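Report on one structure; see the data block that follows.
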Amino acid sequence: MRLSNCKIINLPKISDIRGNLTFIEENKHIPFEIKRVYYLYDVPGGESRGGHAHKNLQQFIIAANGSFDVILDDGFERKRFYLNRSYYGLYVPPMIWRELNNFSSGSVCLVLASELYDEEDYIRDYKTFEKFVREE
């Protein structure tokens with residue numbers, strides 16, 4: 001999988017004087033069925049999250065509150081995405097190394113995932129990840 005398959009996807013935004021509303025529909029706004037939702041919050045300043053790739057899992061990452069950076073790596077190149085709005089997110093296909101850092105105070109990272117949790121799907125060592133992608 002290449003970084004060119006990773007992309008920012010704009011979500012519907014319904015504006016109202018009482019506040020905005022955004023929604024996400026699987027296989028319509030994002031290219032997969034949602035099987036798991038999780039979120040990261042209270043990340044201390046200077047800390048990072050991620051530091052792994054998935055063999056099969058697809059993800060859609062949203063800055064539900066605040067901001068943070070997502071650094072993606074396909075084994076050949078790296079790209080940084082700055083997420084800071086709740087009406088768009090970052091699609092991450094399988095076999096992309098991801099790191100999240102630069103969390104603002106009070107930020108919430110919402111992640112929609114295509115699969116249930118499976119430790120066997122993780123590649124947690126970067127050298128092992130490089131070997132996987134270079135053998136494809």
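Quick note on naming: the chains in the structure tokens go A, B, ... in the order shown, residues restart at 1 in each chain, and ligands are numbered from 1 in order of appearance.
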
Using only C-alpha atoms, determine which residues lie at most 6 Å from Asp69 (chain A), disregarding the query and same-chain residues fewer than 2 positions distant; provide the list as a PyMOL selection string.
chain A and resi 81-82+100-102

Output the selection as a PDB file, in the first residue's frame - N, CA and C atoms for each residue.
```
ATOM      1  N   PHE A  81       0.332  14.696   8.475  1.00  0.00           N
ATOM      2  CA  PHE A  81      -0.988  15.297   8.333  1.00  0.00           C
ATOM      3  C   PHE A  81      -1.330  15.990   9.654  1.00  0.00           C
ATOM      4  N   TYR A  82      -1.819  17.204   9.564  1.00  0.00           N
ATOM      5  CA  TYR A  82      -2.227  17.967  10.742  1.00  0.00           C
ATOM      6  C   TYR A  82      -3.749  17.913  10.810  1.00  0.00           C
ATOM      7  N   LEU A 100       1.275   9.188  16.041  1.00  0.00           N
ATOM      8  CA  LEU A 100       0.496  10.379  16.366  1.00  0.00           C
ATOM      9  C   LEU A 100       1.251  11.145  17.438  1.00  0.00           C
ATOM     10  N   ASN A 101       1.406  12.468  17.227  1.00  0.00           N
ATOM     11  CA  ASN A 101       2.094  13.278  18.222  1.00  0.00           C
ATOM     12  C   ASN A 101       1.614  14.718  18.144  1.00  0.00           C
ATOM     13  N   ASN A 102       2.246  15.576  18.927  1.00  0.00           N
ATOM     14  CA  ASN A 102       1.933  17.002  18.948  1.00  0.00           C
ATOM     15  C   ASN A 102       0.475  17.254  19.357  1.00  0.00           C
TER      16      ASN A 102
END
```

Near Met95 (chain A), counting only C-alpha atoms, which residues have an atom at most 10 Å away, once you skip same-chain residues fewer than 3 positions from it, shown as JSON, numbers by chain?
{"A": [1, 2, 3, 52, 53, 54, 55, 56, 57, 58, 73, 74, 75, 92, 98, 121, 122, 123, 129, 130, 132, 133]}

Non-local contacts of region 33-40 of chain A (10 Å; only C-alpha atoms; under 6 positions in same chain excluded) as a JSON list (two decimals) with N, CA and C atoms, in the first residue's frame:
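Result written to selection37.json:
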```
[["chain", "number", "residue", "atom", "x", "y", "z"],
["A", 24, "ILE", "N", -21.16, 10.33, 10.00],
["A", 24, "ILE", "CA", -20.34, 9.44, 9.18],
["A", 24, "ILE", "C", -21.14, 8.17, 8.92],
["A", 25, "GLU", "N", -21.23, 7.80, 7.67],
["A", 25, "GLU", "CA", -21.90, 6.56, 7.30],
["A", 25, "GLU", "C", -20.89, 5.62, 6.66],
["A", 26, "GLU", "N", -20.85, 4.38, 7.17],
["A", 26, "GLU", "CA", -19.91, 3.40, 6.64],
["A", 26, "GLU", "C", -20.21, 3.10, 5.18],
["A", 27, "ASN", "N", -19.16, 2.80, 4.44],
["A", 27, "ASN", "CA", -19.23, 2.49, 3.01],
["A", 27, "ASN", "C", -19.82, 3.62, 2.17],
["A", 49, "ARG", "N", 1.60, 8.53, 20.30],
["A", 49, "ARG", "CA", 0.83, 7.29, 20.28],
["A", 49, "ARG", "C", 1.07, 6.62, 18.93],
["A", 58, "GLN", "N", -8.21, -1.17, 8.40],
["A", 58, "GLN", "CA", -8.32, 0.18, 7.85],
["A", 58, "GLN", "C", -8.79, 1.08, 8.98],
["A", 59, "GLN", "N", -8.37, 2.34, 8.96],
["A", 59, "GLN", "CA", -8.77, 3.28, 10.00],
["A", 59, "GLN", "C", -9.17, 4.62, 9.39],
["A", 60, "PHE", "N", -10.02, 5.31, 10.13],
["A", 60, "PHE", "CA", -10.38, 6.68, 9.81],
["A", 60, "PHE", "C", -10.16, 7.47, 11.09],
["A", 61, "ILE", "N", -9.23, 8.42, 11.07],
["A", 61, "ILE", "CA", -8.78, 9.14, 12.26],
["A", 61, "ILE", "C", -9.32, 10.57, 12.22],
["A", 62, "ILE", "N", -9.96, 10.99, 13.30],
["A", 62, "ILE", "CA", -10.59, 12.31, 13.38],
["A", 62, "ILE", "C", -10.10, 13.03, 14.63],
["A", 63, "ALA", "N", -9.81, 14.31, 14.50],
["A", 63, "ALA", "CA", -9.56, 15.16, 15.67],
["A", 63, "ALA", "C", -10.93, 15.64, 16.15],
["A", 64, "ALA", "N", -11.55, 14.87, 17.04],
["A", 64, "ALA", "CA", -12.88, 15.21, 17.53],
["A", 64, "ALA", "C", -12.83, 16.50, 18.36],
["A", 107, "SER", "N", -7.14, 17.56, 23.60],
["A", 107, "SER", "CA", -7.47, 16.95, 22.31],
["A", 107, "SER", "C", -8.07, 15.55, 22.50],
["A", 108, "VAL", "N", -8.92, 15.19, 21.55],
["A", 108, "VAL", "CA", -9.53, 13.86, 21.50],
["A", 108, "VAL", "C", -9.35, 13.32, 20.10],
["A", 109, "CYS", "N", -8.70, 12.17, 19.99],
["A", 109, "CYS", "CA", -8.49, 11.49, 18.71],
["A", 109, "CYS", "C", -9.49, 10.35, 18.62],
["A", 110, "LEU", "N", -10.43, 10.46, 17.69],
["A", 110, "LEU", "CA", -11.46, 9.45, 17.48],
["A", 110, "LEU", "C", -11.05, 8.58, 16.30],
["A", 111, "VAL", "N", -11.10, 7.26, 16.49],
["A", 111, "VAL", "CA", -10.67, 6.34, 15.43],
["A", 111, "VAL", "C", -11.80, 5.35, 15.13],
["A", 112, "LEU", "N", -12.16, 5.26, 13.86],
["A", 112, "LEU", "CA", -13.11, 4.27, 13.37],
["A", 112, "LEU", "C", -12.28, 3.18, 12.71],
["A", 113, "ALA", "N", -12.55, 1.92, 13.04],
["A", 113, "ALA", "CA", -11.73, 0.82, 12.56],
["A", 113, "ALA", "C", -12.58, -0.22, 11.83],
["A", 114, "SER", "N", -11.97, -0.85, 10.83],
["A", 114, "SER", "CA", -12.67, -1.82, 10.00],
["A", 114, "SER", "C", -12.73, -3.22, 10.60],
["A", 115, "GLU", "N", -11.99, -3.45, 11.67],
["A", 115, "GLU", "CA", -11.93, -4.79, 12.27],
["A", 115, "GLU", "C", -12.00, -4.70, 13.79],
["A", 116, "LEU", "N", -12.39, -5.80, 14.41],
["A", 116, "LEU", "CA", -12.32, -5.90, 15.85],
["A", 116, "LEU", "C", -10.85, -5.99, 16.26],
["A", 117, "TYR", "N", -10.56, -5.73, 17.52],
["A", 117, "TYR", "CA", -9.18, -5.79, 18.00],
["A", 117, "TYR", "C", -8.61, -7.18, 17.79]]
```

Selection near Gly66 (chain A), 9 Å with only C-alpha atoms, sequence-local residues under 4 positions removed, as a PDB file with C-alpha atoms, in the first residue's frame:
```
ATOM      1  CA  LEU A  83      -5.725  17.195  12.032  1.00  0.00           C
ATOM      2  CA  ASN A  84      -7.587  19.991  13.781  1.00  0.00           C
ATOM      3  CA  ARG A  85     -11.237  19.923  12.653  1.00  0.00           C
ATOM      4  CA  SER A  86     -14.020  17.487  13.531  1.00  0.00           C
ATOM      5  CA  PHE A 103      -1.377  16.654  20.828  1.00  0.00           C
ATOM      6  CA  SER A 104      -2.916  19.951  21.919  1.00  0.00           C
ATOM      7  CA  SER A 105      -4.293  20.290  25.425  1.00  0.00           C
ATOM      8  CA  GLY A 106      -7.722  18.664  25.684  1.00  0.00           C
ATOM      9  CA  SER A 107      -7.474  16.947  22.313  1.00  0.00           C
ATOM     10  CA  VAL A 108      -9.526  13.860  21.505  1.00  0.00           C
ATOM     11  CA  CYS A 109      -8.485  11.490  18.710  1.00  0.00           C
TER      12      CYS A 109
END
```

Can you tell me, as a PyMOL selection string, what residues are no more than 9 Å from Asn10 (chain A) when counting only C-alpha atoms, ignoring any on the same chain fewer than 3 positions away?
chain A and resi 13+29+87-90

Would you save the residues of that selection, restricted to N, CA and C atoms, as a PDB file, in the first residue's frame?
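Everything below was put into again.pdb:
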```
ATOM      1  N   LYS A  13     -21.149  18.489   6.921  1.00  0.00           N
ATOM      2  CA  LYS A  13     -21.199  19.441   8.032  1.00  0.00           C
ATOM      3  C   LYS A  13     -22.489  20.236   7.901  1.00  0.00           C
ATOM      4  N   HIS A  29     -19.249   7.529   3.399  1.00  0.00           N
ATOM      5  CA  HIS A  29     -18.273   8.586   3.658  1.00  0.00           C
ATOM      6  C   HIS A  29     -16.875   8.020   3.857  1.00  0.00           C
ATOM      7  N   TYR A  87     -14.816  17.907  11.240  1.00  0.00           N
ATOM      8  CA  TYR A  87     -15.624  17.618  10.061  1.00  0.00           C
ATOM      9  C   TYR A  87     -14.803  17.035   8.908  1.00  0.00           C
ATOM     10  N   TYR A  88     -13.608  16.569   9.199  1.00  0.00           N
ATOM     11  CA  TYR A  88     -12.859  15.771   8.234  1.00  0.00           C
ATOM     12  C   TYR A  88     -11.954  14.815   9.005  1.00  0.00           C
ATOM     13  N   GLY A  89     -11.485  13.822   8.307  1.00  0.00           N
ATOM     14  CA  GLY A  89     -10.608  12.851   8.946  1.00  0.00           C
ATOM     15  C   GLY A  89      -9.628  12.281   7.948  1.00  0.00           C
ATOM     16  N   LEU A  90      -8.746  11.442   8.429  1.00  0.00           N
ATOM     17  CA  LEU A  90      -7.680  10.855   7.636  1.00  0.00           C
ATOM     18  C   LEU A  90      -7.931   9.366   7.464  1.00  0.00           C
TER      19      LEU A  90
END
```

Return as a list in words the full set of residues in chain A whose backbone-based DSSP assignment is helix (DSSP H, G or I).
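Written out, the helix (DSSP H, G or I) residues of chain A are Leu3, Ser4, Asn5, Glu119, Glu120, Asp121, Tyr126, Lys127, Thr128, Phe129, Glu130, Lys131, Phe132, Val133, Arg134 and Glu135 of chain A.
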
Based on the selection just made, write N, CA and C atoms of those residues as a PDB file, in the first residue's frame.
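Printed below is out35.pdb as written:
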```pdb
ATOM      1  N   LEU A   3       1.460   5.604   0.192  1.00  0.00           N
ATOM      2  CA  LEU A   3       0.932   6.806   0.853  1.00  0.00           C
ATOM      3  C   LEU A   3      -0.123   7.507   0.011  1.00  0.00           C
ATOM      4  N   SER A   4      -0.071   7.338  -1.297  1.00  0.00           N
ATOM      5  CA  SER A   4      -1.059   7.990  -2.160  1.00  0.00           C
ATOM      6  C   SER A   4      -2.477   7.493  -1.880  1.00  0.00           C
ATOM      7  N   ASN A   5      -2.608   6.331  -1.229  1.00  0.00           N
ATOM      8  CA  ASN A   5      -3.925   5.813  -0.860  1.00  0.00           C
ATOM      9  C   ASN A   5      -4.451   6.411   0.440  1.00  0.00           C
ATOM     10  N   GLU A 119      -4.577  -8.632  18.150  1.00  0.00           N
ATOM     11  CA  GLU A 119      -3.148  -8.372  18.347  1.00  0.00           C
ATOM     12  C   GLU A 119      -2.308  -8.931  17.200  1.00  0.00           C
ATOM     13  N   GLU A 120      -2.754 -10.015  16.567  1.00  0.00           N
ATOM     14  CA  GLU A 120      -2.015 -10.618  15.459  1.00  0.00           C
ATOM     15  C   GLU A 120      -1.961  -9.723  14.224  1.00  0.00           C
ATOM     16  N   ASP A 121      -2.860  -8.724  14.152  1.00  0.00           N
ATOM     17  CA  ASP A 121      -2.901  -7.807  13.008  1.00  0.00           C
ATOM     18  C   ASP A 121      -1.847  -6.706  13.115  1.00  0.00           C
ATOM     19  N   TYR A 126       9.392  -1.443  13.591  1.00  0.00           N
ATOM     20  CA  TYR A 126       9.526  -0.779  12.296  1.00  0.00           C
ATOM     21  C   TYR A 126      10.371  -1.586  11.308  1.00  0.00           C
ATOM     22  N   LYS A 127      11.436  -2.214  11.766  1.00  0.00           N
ATOM     23  CA  LYS A 127      12.290  -3.009  10.872  1.00  0.00           C
ATOM     24  C   LYS A 127      11.499  -4.182  10.281  1.00  0.00           C
ATOM     25  N   THR A 128      10.641  -4.804  11.095  1.00  0.00           N
ATOM     26  CA  THR A 128       9.779  -5.888  10.604  1.00  0.00           C
ATOM     27  C   THR A 128       8.796  -5.344   9.584  1.00  0.00           C
ATOM     28  N   PHE A 129       8.256  -4.163   9.839  1.00  0.00           N
ATOM     29  CA  PHE A 129       7.340  -3.515   8.893  1.00  0.00           C
ATOM     30  C   PHE A 129       8.042  -3.258   7.558  1.00  0.00           C
ATOM     31  N   GLU A 130       9.241  -2.703   7.595  1.00  0.00           N
ATOM     32  CA  GLU A 130       9.994  -2.450   6.364  1.00  0.00           C
ATOM     33  C   GLU A 130      10.200  -3.745   5.565  1.00  0.00           C
ATOM     34  N   LYS A 131      10.518  -4.808   6.266  1.00  0.00           N
ATOM     35  CA  LYS A 131      10.731  -6.083   5.604  1.00  0.00           C
ATOM     36  C   LYS A 131       9.446  -6.550   4.914  1.00  0.00           C
ATOM     37  N   PHE A 132       8.302  -6.428   5.602  1.00  0.00           N
ATOM     38  CA  PHE A 132       6.994  -6.789   5.031  1.00  0.00           C
ATOM     39  C   PHE A 132       6.733  -6.023   3.742  1.00  0.00           C
ATOM     40  N   VAL A 133       6.854  -4.690   3.776  1.00  0.00           N
ATOM     41  CA  VAL A 133       6.471  -3.883   2.619  1.00  0.00           C
ATOM     42  C   VAL A 133       7.458  -4.008   1.462  1.00  0.00           C
ATOM     43  N   ARG A 134       8.691  -4.271   1.752  1.00  0.00           N
ATOM     44  CA  ARG A 134       9.670  -4.379   0.674  1.00  0.00           C
ATOM     45  C   ARG A 134       9.623  -5.738  -0.005  1.00  0.00           C
ATOM     46  N   GLU A 135       8.965  -6.710   0.638  1.00  0.00           N
ATOM     47  CA  GLU A 135       8.813  -8.042   0.039  1.00  0.00           C
ATOM     48  C   GLU A 135       7.536  -8.164  -0.771  1.00  0.00           C
TER      49      GLU A 135
END
```

For the strand (DSSP E) assignment from backbone DSSP, which residues of chain A qualify? Please present them as an MDAnalysis selection string.
chainID A and resid 7:10 13:14 21:22 36:41 49:54 59:65 68:73 78:83 88:92 97:101 108:113 122:123
